[in-house]
Structures are given as C-alpha cells and as structure tokens.
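The file data.pdb contains PDB, C-alpha atoms and all ligand atoms:
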ATOM      1  CA  MET O   1      -5.859   4.948-157.819  1.00  0.00           C
ATOM      2  CA  GLU O   2      -7.891   7.358-155.734  1.00  0.00           C
ATOM      3  CA  ALA O   3      -7.142  10.966-154.846  1.00  0.00           C
ATOM      4  CA  VAL O   4      -5.875  11.382-151.298  1.00  0.00           C
ATOM      5  CA  ASN O   5      -8.401  12.981-148.958  1.00  0.00           C
ATOM      6  CA  LEU O   6      -6.169  14.620-146.362  1.00  0.00           C
ATOM      7  CA  ARG O   7      -9.034  15.457-144.013  1.00  0.00           C
ATOM      8  CA  HIS O   8     -10.087  11.802-143.930  1.00  0.00           C
ATOM      9  CA  PHE O   9      -6.449  10.753-143.532  1.00  0.00           C
ATOM     10  CA  ARG O  10      -5.992  13.007-140.482  1.00  0.00           C
ATOM     11  CA  LYS O  11      -9.096  11.521-138.840  1.00  0.00           C
ATOM     12  CA  GLN O  12      -7.934   7.973-139.544  1.00  0.00           C
ATOM     13  CA  MET O  13      -4.460   8.743-138.330  1.00  0.00           C
ATOM     14  CA  LYS O  14      -5.732  10.241-135.061  1.00  0.00           C
ATOM     15  CA  ALA O  15      -7.957   7.244-134.400  1.00  0.00           C
ATOM     16  CA  ASN O  16      -5.310   4.623-135.172  1.00  0.00           C
ATOM     17  CA  LYS O  17      -1.876   6.107-134.574  1.00  0.00           C
ATOM     18  CA  ARG O  18      -1.384   4.756-131.055  1.00  0.00           C
ATOM     19  CA  ARG O  19      -2.069   1.187-132.123  1.00  0.00           C
ATOM     20  CA  MET O  20       0.014   1.532-135.299  1.00  0.00           C
ATOM     21  CA  LYS O  21       2.998   3.095-133.554  1.00  0.00           C
ATOM     22  CA  GLY O  22       2.866   0.281-130.998  1.00  0.00           C
ATOM     23  CA  PHE O  23       2.847  -2.211-133.837  1.00  0.00           C
ATOM     24  CA  LEU O  24       5.919  -0.570-135.395  1.00  0.00           C
ATOM     25  CA  THR O  25       7.741  -0.678-132.060  1.00  0.00           C
ATOM     26  CA  ARG O  26       7.059  -4.427-131.832  1.00  0.00           C
ATOM     27  CA  LEU O  27       8.048  -4.888-135.479  1.00  0.00           C
ATOM     28  CA  GLU O  28      11.366  -3.162-134.818  1.00  0.00           C
ATOM     29  CA  LYS O  29      12.062  -5.365-131.793  1.00  0.00           C
ATOM     30  CA  LYS O  30      11.014  -8.592-133.462  1.00  0.00           C
ATOM     31  CA  PRO O  31      11.057  -8.295-137.257  1.00  0.00           C
ATOM     32  CA  PRO O  32      10.139 -11.233-139.490  1.00  0.00           C
ATOM     33  CA  ARG O  33      13.049 -12.747-141.408  1.00  0.00           C
ATOM     34  CA  ASN O  34      11.575 -11.675-144.743  1.00  0.00           C
ATOM     35  CA  LEU O  35      10.922  -8.044-143.722  1.00  0.00           C
ATOM     36  CA  ASP O  36      12.754  -6.548-146.727  1.00  0.00           C
ATOM     37  CA  LYS O  37      10.857  -8.739-149.195  1.00  0.00           C
ATOM     38  CA  ILE O  38       7.523  -7.999-147.541  1.00  0.00           C
ATOM     39  CA  SER O  39       8.280  -4.254-147.501  1.00  0.00           C
ATOM     40  CA  ALA O  40       9.093  -4.198-151.209  1.00  0.00           C
ATOM     41  CA  THR O  41       5.901  -6.110-152.031  1.00  0.00           C
ATOM     42  CA  LEU O  42       3.729  -3.824-149.920  1.00  0.00           C
ATOM     43  CA  ASP O  43       5.426  -0.782-151.446  1.00  0.00           C
ATOM     44  CA  LYS O  44       4.142  -1.872-154.875  1.00  0.00           C
ATOM     45  CA  GLU O  45       0.633  -2.410-153.469  1.00  0.00           C
ATOM     46  CA  VAL O  46       0.598   1.005-151.771  1.00  0.00           C
ATOM     47  CA  TRP O  47       1.387   2.872-154.986  1.00  0.00           C
ATOM     48  CA  LYS O  48      -1.541   1.185-156.747  1.00  0.00           C
ATOM     49  CA  GLU O  49      -3.766   3.087-154.287  1.00  0.00           C
ATOM     50  CA  VAL O  50      -2.022   6.336-153.351  1.00  0.00           C
ATOM     51  CA  ASP O  51      -1.550   9.269-155.709  1.00  0.00           C
ATOM     52  CA  CYS O  52       1.127  11.660-154.413  1.00  0.00           C
ATOM     53  CA  LEU O  53       0.074  14.459-156.750  1.00  0.00           C
ATOM     54  CA  SER O  54      -3.263  14.653-154.956  1.00  0.00           C
ATOM     55  CA  CYS O  55      -1.479  14.861-151.594  1.00  0.00           C
ATOM     56  CA  ALA O  56       1.948  16.567-151.310  1.00  0.00           C
ATOM     57  CA  ASN O  57       1.503  16.553-147.542  1.00  0.00           C
ATOM     58  CA  CYS O  58       5.213  15.777-147.033  1.00  0.00           C
ATOM     59  CA  CYS O  59       6.179  18.915-148.977  1.00  0.00           C
ATOM     60  CA  LYS O  60       3.600  20.937-147.043  1.00  0.00           C
ATOM     61  CA  LYS O  61       4.221  19.736-143.496  1.00  0.00           C
ATOM     62  CA  MET O  62       7.741  18.288-143.313  1.00  0.00           C
ATOM     63  CA  SER O  63      11.222  19.379-144.325  1.00  0.00           C
ATOM     64  CA  PRO O  64      13.684  17.253-146.229  1.00  0.00           C
ATOM     65  CA  THR O  65      17.288  17.094-145.057  1.00  0.00           C
ATOM     66  CA  PHE O  66      19.550  18.914-147.517  1.00  0.00           C
ATOM     67  CA  THR O  67      22.974  17.270-147.761  1.00  0.00           C
ATOM     68  CA  PRO O  68      25.992  19.326-148.921  1.00  0.00           C
ATOM     69  CA  VAL O  69      25.754  17.520-152.282  1.00  0.00           C
ATOM     70  CA  ASP O  70      22.048  18.458-152.567  1.00  0.00           C
ATOM     71  CA  ILE O  71      22.830  22.083-151.724  1.00  0.00           C
ATOM     72  CA  LYS O  72      25.580  22.259-154.329  1.00  0.00           C
ATOM     73  CA  ARG O  73      23.399  20.679-157.055  1.00  0.00           C
ATOM     74  CA  ILE O  74      20.242  22.707-156.327  1.00  0.00           C
ATOM     75  CA  SER O  75      21.999  26.046-155.873  1.00  0.00           C
ATOM     76  CA  SER O  76      23.880  25.551-159.122  1.00  0.00           C
ATOM     77  CA  HIS O  77      20.584  24.713-160.868  1.00  0.00           C
ATOM     78  CA  LEU O  78      19.138  27.974-159.530  1.00  0.00           C
ATOM     79  CA  GLY O  79      22.239  30.006-160.435  1.00  0.00           C
ATOM     80  CA  MET O  80      23.051  30.753-156.801  1.00  0.00           C
ATOM     81  CA  THR O  81      26.051  30.083-154.606  1.00  0.00           C
ATOM     82  CA  PRO O  82      25.580  27.395-151.926  1.00  0.00           C
ATOM     83  CA  VAL O  83      26.074  30.078-149.259  1.00  0.00           C
ATOM     84  CA  ALA O  84      23.385  32.328-150.741  1.00  0.00           C
ATOM     85  CA  PHE O  85      21.055  29.327-151.091  1.00  0.00           C
ATOM     86  CA  LYS O  86      21.504  28.382-147.442  1.00  0.00           C
ATOM     87  CA  GLU O  87      21.007  31.973-146.308  1.00  0.00           C
ATOM     88  CA  LYS O  88      17.821  32.340-148.311  1.00  0.00           C
ATOM     89  CA  TRP O  89      16.073  29.041-147.581  1.00  0.00           C
ATOM     90  CA  LEU O  90      17.702  26.876-144.896  1.00  0.00           C
ATOM     91  CA  TYR O  91      18.670  26.660-141.234  1.00  0.00           C
ATOM     92  CA  LEU O  92      20.954  24.296-139.367  1.00  0.00           C
ATOM     93  CA  ASP O  93      19.015  22.174-136.876  1.00  0.00           C
ATOM     94  CA  ARG O  94      20.239  20.851-133.498  1.00  0.00           C
ATOM     95  CA  THR O  95      21.564  17.654-135.068  1.00  0.00           C
ATOM     96  CA  GLY O  96      23.600  19.565-137.671  1.00  0.00           C
ATOM     97  CA  ASP O  97      21.254  18.961-140.627  1.00  0.00           C
ATOM     98  CA  TRP O  98      20.279  21.677-143.123  1.00  0.00           C
ATOM     99  CA  MET O  99      16.479  22.009-143.161  1.00  0.00           C
ATOM    100  CA  ASN O 100      13.873  24.238-144.820  1.00  0.00           C
ATOM    101  CA  VAL O 101      12.913  27.379-142.934  1.00  0.00           C
ATOM    102  CA  LYS O 102       9.583  27.541-144.771  1.00  0.00           C
ATOM    103  CA  GLN O 103       6.649  25.188-144.812  1.00  0.00           C
ATOM    104  CA  PRO O 104       5.174  24.400-147.287  1.00  0.00           C
ATOM    105  CA  CYS O 105       8.488  23.956-149.089  1.00  0.00           C
ATOM    106  CA  GLN O 106       9.422  26.969-151.223  1.00  0.00           C
ATOM    107  CA  PHE O 107       9.783  24.689-154.249  1.00  0.00           C
ATOM    108  CA  LEU O 108       6.261  23.262-154.083  1.00  0.00           C
ATOM    109  CA  ASN O 109       3.797  24.601-156.623  1.00  0.00           C
ATOM    110  CA  LEU O 110       0.676  24.809-154.468  1.00  0.00           C
ATOM    111  CA  SER O 111      -1.700  24.822-157.459  1.00  0.00           C
ATOM    112  CA  THR O 112      -0.367  21.618-159.017  1.00  0.00           C
ATOM    113  CA  ASN O 113       1.340  19.923-156.034  1.00  0.00           C
ATOM    114  CA  MET O 114       4.413  19.567-158.266  1.00  0.00           C
ATOM    115  CA  CYS O 115       8.018  20.155-157.272  1.00  0.00           C
ATOM    116  CA  SER O 116       9.590  22.996-159.248  1.00  0.00           C
ATOM    117  CA  ILE O 117      13.087  21.500-158.848  1.00  0.00           C
ATOM    118  CA  TYR O 118      12.013  17.871-159.385  1.00  0.00           C
ATOM    119  CA  GLU O 119      15.079  16.839-161.456  1.00  0.00           C
ATOM    120  CA  VAL O 120      17.505  18.134-158.831  1.00  0.00           C
ATOM    121  CA  ARG O 121      15.425  17.714-155.653  1.00  0.00           C
ATOM    122  CA  PRO O 122      17.134  16.537-152.440  1.00  0.00           C
ATOM    123  CA  ALA O 123      17.951  12.832-152.257  1.00  0.00           C
ATOM    124  CA  ASP O 124      15.726  12.685-149.175  1.00  0.00           C
ATOM    125  CA  CYS O 125      12.720  13.786-151.273  1.00  0.00           C
ATOM    126  CA  ALA O 126      13.579  11.346-154.074  1.00  0.00           C
ATOM    127  CA  GLY O 127      13.618   8.417-151.651  1.00  0.00           C
ATOM    128  CA  PHE O 128      10.643   9.461-149.519  1.00  0.00           C
ATOM    129  CA  PRO O 129       8.743   7.692-147.922  1.00  0.00           C
ATOM    130  CA  HIS O 130      11.352   4.909-147.927  1.00  0.00           C
ATOM    131  CA  LEU O 131       8.887   2.012-148.033  1.00  0.00           C
ATOM    132  CA  ALA O 132      11.079  -0.413-150.001  1.00  0.00           C
ATOM    133  CA  LYS O 133      14.483   0.061-148.423  1.00  0.00           C
ATOM    134  CA  LYS O 134      16.894  -2.893-148.386  1.00  0.00           C
ATOM    135  CA  LYS O 135      17.628  -2.679-144.658  1.00  0.00           C
ATOM    136  CA  MET O 136      14.061  -1.852-143.654  1.00  0.00           C
ATOM    137  CA  ILE O 137      14.759  -2.491-139.996  1.00  0.00           C
ATOM    138  CA  ASP O 138      16.801   0.757-139.975  1.00  0.00           C
ATOM    139  CA  TYR O 139      13.787   2.719-141.260  1.00  0.00           C
ATOM    140  CA  VAL O 140      11.018   1.461-138.972  1.00  0.00           C
ATOM    141  CA  HIS O 141      11.584   4.292-136.468  1.00  0.00           C
ATOM    142  CA  ILE O 142      11.300   6.787-139.348  1.00  0.00           C
ATOM    143  CA  HIS O 143       7.940   5.319-140.375  1.00  0.00           C
ATOM    144  CA  ARG O 144       6.803   5.752-136.785  1.00  0.00           C
ATOM    145  CA  GLN O 145       7.211   9.525-137.284  1.00  0.00           C
ATOM    146  CA  ASN O 146       6.104   9.696-140.919  1.00  0.00           C
ATOM    147  CA  ILE O 147       2.835   7.859-140.299  1.00  0.00           C
ATOM    148  CA  GLU O 148       1.433  11.135-138.948  1.00  0.00           C
ATOM    149  CA  TYR O 149       1.972  12.942-142.251  1.00  0.00           C
ATOM    150  CA  CYS O 150       2.141  10.420-145.052  1.00  0.00           C
ATOM    151  CA  PRO O 151      -0.962   8.518-146.241  1.00  0.00           C
ATOM    152  CA  ALA O 152       1.265   6.074-148.174  1.00  0.00           C
ATOM    153  CA  THR O 153       3.210   5.188-145.018  1.00  0.00           C
ATOM    154  CA  PHE O 154      -0.069   4.865-143.119  1.00  0.00           C
ATOM    155  CA  ARG O 155      -1.398   2.405-145.722  1.00  0.00           C
ATOM    156  CA  TRP O 156       1.890   0.450-145.761  1.00  0.00           C
ATOM    157  CA  VAL O 157       1.676  -0.005-141.989  1.00  0.00           C
ATOM    158  CA  GLU O 158      -1.989  -1.057-142.232  1.00  0.00           C
ATOM    159  CA  MET O 159      -1.022  -3.687-144.796  1.00  0.00           C
ATOM    160  CA  MET O 160       1.910  -4.798-142.650  1.00  0.00           C
ATOM    161  CA  GLU O 161      -0.454  -5.221-139.684  1.00  0.00           C
ATOM    162  CA  ASP O 162      -2.739  -7.413-141.812  1.00  0.00           C
ATOM    163  CA  LEU O 163       0.211  -9.565-142.837  1.00  0.00           C
ATOM    164  CA  ALA O 164       1.378  -9.867-139.234  1.00  0.00           C
ATOM    165  CA  LYS O 165      -1.996 -11.463-138.439  1.00  0.00           C
ATOM    166  CA  LYS O 166      -1.117 -14.101-141.063  1.00  0.00           C
ATOM    167  CA  ASP O 167       2.325 -14.683-139.563  1.00  0.00           C
ATOM    168  CA  PHE O 168       3.930 -12.567-142.330  1.00  0.00           C
ATOM    169  CA  LYS O 169       3.231 -15.214-144.967  1.00  0.00           C
ATOM    170  CA  LEU O 170       3.191 -13.552-148.372  1.00  0.00           C
ATOM    171  CA  GLU O 171       0.590 -14.989-150.702  1.00  0.00           C
ATOM    172  CA  TYR O 172       0.497 -14.278-154.431  1.00  0.00           C
ATOM    173  CA  PRO O 173      -1.318 -12.384-155.708  1.00  0.00           C
ATOM    174  CA  VAL O 174      -1.078 -10.301-152.564  1.00  0.00           C
ATOM    175  CA  ALA O 175      -4.513 -10.195-150.959  1.00  0.00           C
ATOM    176  CA  ILE O 176      -4.656  -7.328-148.505  1.00  0.00           C
ATOM    177  CA  VAL O 177      -7.884  -5.670-147.404  1.00  0.00           C
TER     178      VAL O 177
HETATM  179  S1  LIG D   1      12.165  19.997-152.800  1.00  0.00           S
HETATM  180 FE1  LIG D   1      10.399  19.404-153.999  1.00  0.00          FE
HETATM  181  S2  LIG D   1       9.934  17.290-153.395  1.00  0.00           S
HETATM  182 FE2  LIG D   1      11.293  18.175-151.822  1.00  0.00          FE
HETATM  183  S3  LIG D   1       9.926  19.020-150.223  1.00  0.00           S
HETATM  184 FE3  LIG D   1      10.361  20.668-151.681  1.00  0.00          FE
HETATM  185  S4  LIG D   1       8.682  20.602-153.177  1.00  0.00           S
HETATM  186 FE4  LIG D   1       8.713  18.646-152.072  1.00  0.00          FE
HETATM  187  S1  LIG D   2       4.962  10.565-150.094  1.00  0.00           S
HETATM  188 FE1  LIG D   2       3.277  10.433-148.633  1.00  0.00          FE
HETATM  189  S2  LIG D   2       2.938  12.526-147.850  1.00  0.00           S
HETATM  190 FE2  LIG D   2       4.218  12.652-149.678  1.00  0.00          FE
HETATM  191  S3  LIG D   2       2.772  13.051-151.323  1.00  0.00           S
HETATM  192 FE3  LIG D   2       3.079  10.827-151.271  1.00  0.00          FE
HETATM  193  S4  LIG D   2       1.477  10.048-149.936  1.00  0.00           S
HETATM  194 FE4  LIG D   2       1.588  12.252-149.607  1.00  0.00          FE
END

Can I see the file as structure tokens?
Amino acid sequence: MEAVNLRHFRKQMKANKRRMKGFLTRLEKKPPRNLDKISATLDKEVWKEVDCLSCANCCKKMSPTFTPVDIKRISSHLGMTPVAFKEKWLYLDRTGDWMNVKQPCQFLNLSTNMCSIYEVRPADCAGFPHLAKKKMIDYVHIHRQNIEYCPATFRWVEMMEDLAKKDFKLEYPVAIV
C-alpha cells in the first residue's frame, strides 16, 4: 500500500474526470448484471492500494450528513445536548440535511489524519466511500461527485473502466492494471 499523494491525485483527476464521469453516466444507464459483485471485488482491490490515513481528503474537503441519530450519539459522547452540538458545529442545508459548518471537519486531527470521534462518527463517514454497496446502481451518481475528492473512488472507477473493456468479465485472481 502506498501513501496517497494528493497533489498527484488532483492532477490525475483534472486530466481524466470528464472521461470518467461520462463512463459513470453510461454505467448508470446500462449497468452490467453483476455490478454488485464486481463492485465488491474492486472494493477489495482498491484497499490493497489506498491508505486513507495518508489522505483524509474527505474529512478535509467534504462534509458528512449528520442524521438525528448521529447527532444524538455524538453529542452525548461529547457531553453536550443535541441542540448545543448543532449550534456549535452544524447548519441545515437546502435539502434539510445537517452538515458541518467547518472544513476540514472539526473532529479531524490534522497531524495524524485520525478522527477524534472515530467510535461514534456519523454513519455517512463509516460507510464512505460506499464502494461495495449492495444496490450499487443507487450510488453511481454519488461516485460521480466523489471522484473529485476521493482517490479510492477514482481508482475504483479506473478499475471499473478496465473491466468494461473486457465486457465486465471478472477473472480470478483479479488482474487489473
Ligand atoms: S467525523 Fe471523523 S470521519 Fe467524519 S468527516 Fe469528521 S473527522 Fe472525518
Ligand atoms: S475515503 Fe477517499 S478521500 Fe477519504 S481518506 Fe480514504 S481515499 Fe481519501
């Protein structure tokens, strides 16, 4: 596993994002029958290469959605009321979701890239970047946004593009360049 080089990632993303977003649009319109199985396999391959602790770009550049259950759990962990927690850290966006006011996230330790509330972090953070979801077709539009921030998502899409060239036939062991 190699450390993530965010400068290199941004260059790669800029050079390839148009093509990759187009690919995801086509994938969403015409997914292969085994999309969930392929996604889960590629998820395992991605994490052999990408080390989140050398990245933390999601915690630096994006906000998780805080559900009412998240807010209750995290505020209790911090010894605050949910109302005080929301007032201190969150705002309600146009779609009615509670989001972080601050970026990077207030709970990110910028020296270690570790989450200071890891055990009670929002469900959105725990599931991010959603590369092995059961109904992957519902998440393809999310990857289209996340590809700009998340090197793991970027790599997953690259691998998916390679498989598409082989008609989505999974071979074992998975050989993806
Ligand atoms: S709560 Fe933790 S995992 Fe979630 S964005 Fe903040 S630092 Fe990252
Ligand atoms: S999930 Fe993506 S953006 Fe977040 S730390 Fe891992 S590779 Fe980086």

message: Could you list the protein, DNA and RNA residues that have any atom within 9 Å of ligand LIG 2 (chain D), counting all atoms listed in the file, and write them as a PyMOL selection string?
response: chain O and resi 4+6+47+50-62+113+125+128-130+146-147+149-154

Give one line per residue of chain O that approaches ligand LIG 1 (chain D) to at most 6 Å, naming the two atoms of the closest pair and their distance in Å to one decimal, counting all atoms listed in the file; sort by chain then ascending residue number and deliver it as JSON lines.
{"residue": "O:Cys59", "atom": "CA", "partner": "D:LIG1", "partner_atom": "S3", "distance": 4.0}
{"residue": "O:Pro64", "atom": "CA", "partner": "D:LIG1", "partner_atom": "S3", "distance": 5.8}
{"residue": "O:Cys105", "atom": "CA", "partner": "D:LIG1", "partner_atom": "FE3", "distance": 4.6}
{"residue": "O:Phe107", "atom": "CA", "partner": "D:LIG1", "partner_atom": "S4", "distance": 4.4}
{"residue": "O:Leu108", "atom": "CA", "partner": "D:LIG1", "partner_atom": "S4", "distance": 3.7}
{"residue": "O:Cys115", "atom": "CA", "partner": "D:LIG1", "partner_atom": "FE1", "distance": 4.1}
{"residue": "O:Ile117", "atom": "CA", "partner": "D:LIG1", "partner_atom": "FE1", "distance": 5.9}
{"residue": "O:Tyr118", "atom": "CA", "partner": "D:LIG1", "partner_atom": "FE1", "distance": 5.8}
{"residue": "O:Arg121", "atom": "CA", "partner": "D:LIG1", "partner_atom": "S1", "distance": 4.9}
{"residue": "O:Cys125", "atom": "CA", "partner": "D:LIG1", "partner_atom": "FE2", "distance": 4.6}

Given only C-alpha atoms, how would the per-residue table for stretch 29-74 of chain O near stretch 19-24 of chain O read, listing every residue at most 10 Å away with its closest atom pair and distance in Å to one decimal, sorted by chain and number, as a tab-separated table?
residue	atom	partner	partner_atom	distance
O:Lys29	CA	O:Leu24	CA	8.6
O:Lys30	CA	O:Leu24	CA	9.7
O:Pro31	CA	O:Leu24	CA	9.5

Next, dump the selected residues to file, keeping only C-alpha atoms, as a compact mmCIF listing (two decimals), in the frame of the given file.
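Final file, out-v6.txt:
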# COMPACT_ATOMS: atom_id res chain seq x y z
CA LYS O 29 12.06 -5.36 -131.79
CA LYS O 30 11.01 -8.59 -133.46
CA PRO O 31 11.06 -8.30 -137.26

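Closest approach to O:Lys86 among O:Leu35, O:Ile71, O:Ile137, O:Ala132: O:Ile71, based on only C-alpha atoms.
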
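Checking O:Thr65, O:Gln12, O:Thr41, O:Asn5 one by one against O:Ala123, counting only C-alpha atoms, you find the shortest gap at O:Thr65.
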
task: Would you please work out which residue, of O:Lys11, O:Gln145, O:Leu163, O:Met136, is nearest to O:Ala40 when using only C-alpha atoms?
output: O:Met136

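Nearest residue to O:Asp162 among O:Val83, O:Ile38, O:Val140, O:Pro122 is O:Ile38, counting only C-alpha atoms.
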
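Closest to O:Ile74 among O:Glu45, O:Asp167, O:Glu119, O:Asp97 is O:Glu119, based on only C-alpha atoms.
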
- prompt: If we count all atoms listed in the file, what is near O:His77 at a cut-off of 9 Å, once residues fewer than 4 positions away on the same chain are taken out, given as a list in words?
  reply: Lys72, Arg73, Ile117 and Val120 of chain O

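For the atom pair formed by atom CA of O:Asp36 and atom CA of O:Lys134, the distance is 5.8 Å, given to one decimal.
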
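The two atoms in question, atom CA of O:His141 and atom CA of O:Lys165, are spaced 20.9 Å apart.
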
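Distances from O:Gln106, O:Asn16, O:Thr112, O:Asn100 to O:Thr67 were compared using all atoms listed in the file, and the smallest one belongs to O:Asn100.
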
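A straight line drawn from atom CA of O:Lys166 to atom CA of O:Glu2 is 26.9 Å long.
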
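All residues that come within 12 Å of the coordinates (25.7, 26.5, -149.2), counting all atoms listed in the file, are given as O:Phe66, O:Thr67, O:Pro68, O:Val69, O:Asp70, O:Ile71, O:Lys72, O:Arg73, O:Ile74, O:Ser75, O:Ser76, O:Met80, O:Thr81, O:Pro82, O:Val83, O:Ala84, O:Phe85, O:Lys86, O:Glu87, O:Lys88, O:Trp89, O:Leu90, O:Tyr91, O:Leu92, O:Trp98, O:Met99.
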